[in-house]
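Chemist: Mind looking over this structure? Questions follow.
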Amino acid sequence: MPLRPPVRNVPRARALSLCAGALLVAAACAEGAKSAGAAGAATGAPQPAPGEVVDSAPPRPTIDSGLAAARATVQDSTPVTAAAFASAGAPQDSGAARPAQDSARAAAAARARAVANGTLEAERGGILGPKAGDRHYAFRDAGSNLDSLWPVRTPPPLPGSILPAKRIIAFYGNPLSTRMGILGEFAPEEMLRKLDAEVAAWNRLDPAHPVQPALHLIVLVADGHPGTSGKYRTRHDSAMIEKVYGWARSRNALLFVDLQVGQSTLQHELPWIEKFLVRPDVHLGIDPEFSMKNGGIPGRRIGTYDAADINYATRFLSDLVRKHQLPPKILVVHRFTPKGVTNYKRITLDPNVQIVMHMDGFGPPWMKRDTYWRDIKREPVQFAGWKQFTKAKNDRPPTPRADILRLWPVPLYIQIQ
């Protein structure tokens with residue numbers, strides 16, 4: 001059954017939306033760029049060093065992600081199946097009887113290893129889809145062979161780590177667009193009051209994981225036009241990023257800077273944003289949906305990252321942590337399709353970087369649970385995240401908070417868009 005409704009044929013509508021959004025926002029981008037230097041000096045922001053490469057191209061049609069905002073038109077129709085994992089050359093299960101003294105937990109762990117090695121079906125007669133109800137395999141103790149893969153075994157977190165002791169509640173978007181997420185949908189003070197209310201609700205529901213609030217800002221926006229760089233992306237100026245950073249500081253919140261690279265690369269874009277990432281309360285998000293490494297125009301097809309890309313971002317962050325003696329960084333990787341992240345088993349964990357694989361899909365609760373089971377639960381990396389949309393057209397209806405806490409693994413990063 002499809003994870004998302006069938007793809008609609010909307011290229012013309014998307015193009016019109018892009019043009020309209022670009023005209024509305026281009027002026028704001030230009031004005032912000034002019035004030036970036038002055039604002040940076042006023043706030044004590046790091047200034048470009050002599051010889052630093054700065055994206056100083058003149059304003060060009062860009063952002064309102066009439067593209068990202070219209071992401072509901074980029075839909076995943078991949079069917080959910082309980083297919084076996086593919087693992088070339090995986091050792092075969094001999095089927096020999098196990099010692100009687102093996103506990104049920106050890107047996108479950110053995111089944112989970114067999115699943116990971118490709119020698120046992122991921123689920124047998126898996127209960128997925130709209131009729132799964134409380135028996136959905138994304139829930140804890142619903143009979144899933146995958147339960148014992150979680151939590152992922154890693155060394156104890158370093159001092160200053162946020163996960164797994166806390167839960168991050170992040171408001172996502174861009175202040176130059178009312179359509180890209182809740183961060184830009186409302187005036188700043190109203191948006192922050194809503195963040196306060198969301199934090200309080202989660203703290204009441206799960207006091208064992210105190211909430212760490214966050215703002216998740218798209219600082220590099222995928223663009224349907226190549227622009228002068230030819231990379232189909234637009235960088236935001238420092239003044240706008242500093243403004244949102246100030247909002248975050250007013251709530252003792254983290255700031256995530258999110259990259260939609262278009263036809264650019266993480267290697268090209270991360271150095272540009274380093275001056276913010278050296279701050280101890282600024283972290284990173286990367287969006288495979290808009291990584292067009294295999295060609296194509298953002299929004300017309302869904303992009304991808306490989307484990308090698310995620311490992312590059314991890315090394316970049318880890319180097320900053322060591323060089324500047326920072327607490328561990330968090331790397332959020334969005335995904336809602338099987339091919340959104342490839343070769344997940346090759347993702348390398350680093351104690352200086354906490355990786356969150358974030359389920360970025362939309363739809364009714366059962367559909368989102370299907371996506372979570374397929375793309376997060378059965379491909380364990382480190383920590384798990386969950387996306388909540390505020391618009392009924394995206395989440396129909398929203399998944400109740402209590403149901404999110406029933407998932408296994410339990411998401412420790414919740415993004416509100």
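Naming works like this for the structure tokens: A, B, ... for the chains as they're shown, residue 1 at the start of each chain, ligands 1 onward in shown order.
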Please identify all polymer residues within 8 Å of region 196-199 of chain A, counting only C-alpha atoms, omitting same-chain residues fewer than 2 positions from it, and present them as a tab-separated table (two decimals) with C-alpha atoms, in the first residue's frame.
Modeler:
chain	number	residue	atom	x	y	z
A	169	ILE	CA	11.18	20.24	20.57
A	192	LEU	CA	7.74	31.90	20.78
A	193	ARG	CA	4.64	31.77	23.00
A	194	LYS	CA	3.48	28.77	20.98
A	201	ALA	CA	2.83	20.10	27.06
A	202	TRP	CA	5.71	17.68	26.44
A	203	ASN	CA	7.17	18.28	29.88
A	211	VAL	CA	12.46	19.42	26.97
A	212	GLN	CA	15.25	21.34	25.30
A	213	PRO	CA	13.53	23.91	23.04
Chemist: Please identify every residue of region 142-193 of chain A that has at least one atom no farther than 9 Å from an atom of region 230-253 of chain A, counting only C-alpha atoms, and for each give the shortest atom pair and the distance in Å to one decimal, arranged by chain then increasing number, as a Markdown table.
Modeler:
| residue | atom | partner | partner_atom | distance |
| --- | --- | --- | --- | --- |
| A:Ala170 | CA | A:Ala253 | CA | 8.8 |
| A:Asn174 | CA | A:Val244 | CA | 8.9 |
| A:Pro175 | CA | A:Val244 | CA | 8.0 |
| A:Leu176 | CA | A:Met240 | CA | 8.9 |
| A:Pro188 | CA | A:Trp247 | CA | 7.6 |
| A:Glu189 | CA | A:Trp247 | CA | 8.7 |
| A:Leu192 | CA | A:Trp247 | CA | 7.9 |
Chemist: Report as a ChimeraX atom specification all protein, DNA and RNA residues lying within 9 Å of Leu326 (chain A), evaluated on only C-alpha atoms, omitting residues in the same chain fewer than 6 positions from it.
Modeler: /A:160,278-280,320,352
Chemist: I'd like to know which of A:Pro411, A:Pro380, A:Pro398, A:Gly184 is closest to Asp147 (chain A), using only C-alpha atoms.
Modeler: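 Once distances to Asp147 (chain A) are computed over only C-alpha atoms, the minimum belongs to A:Pro380.
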Chemist: By how many Å are CA of Arg301 (chain A) and CA of Leu255 (chain A) apart?
Modeler: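 Separation between CA of Arg301 (chain A) and CA of Leu255 (chain A): 28.6 Å.
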Chemist: Give me the residues within 12 Å of Tyr344 (chain A) as an NGL selection string, counting only C-alpha atoms and dropping any in the same chain fewer than 2 places off.
Modeler: :A and (87 or 116 or 305-311 or 333 or 335 or 338-342 or 346-349 or 355 or 357 or 375-376 or 378-382)
Chemist: Neighbours of His209 (chain A) within 7 Å (only C-alpha atoms; same-chain residues fewer than 2 positions away dropped), as a list in words?
Modeler: Ala165, Lys166, Arg167, Asp206, Pro207 and Val211 of chain A
Chemist: Since we have the selection now, will you write its residues out, keeping C-alpha atoms, as an mmCIF file, in the first residue's frame?
Modeler:
data_model
loop_
_atom_site.group_PDB
_atom_site.id
_atom_site.type_symbol
_atom_site.label_atom_id
_atom_site.label_comp_id
_atom_site.auth_asym_id
_atom_site.auth_seq_id
_atom_site.Cartn_x
_atom_site.Cartn_y
_atom_site.Cartn_z
ATOM 1 C CA ALA A 165 18.670 12.726 28.664
ATOM 2 C CA LYS A 166 16.486 15.409 27.079
ATOM 3 C CA ARG A 167 13.917 15.661 24.293
ATOM 4 C CA ASP A 206 7.078 12.917 29.807
ATOM 5 C CA PRO A 207 8.825 14.578 32.765
ATOM 6 C CA VAL A 211 12.459 19.416 26.970
#
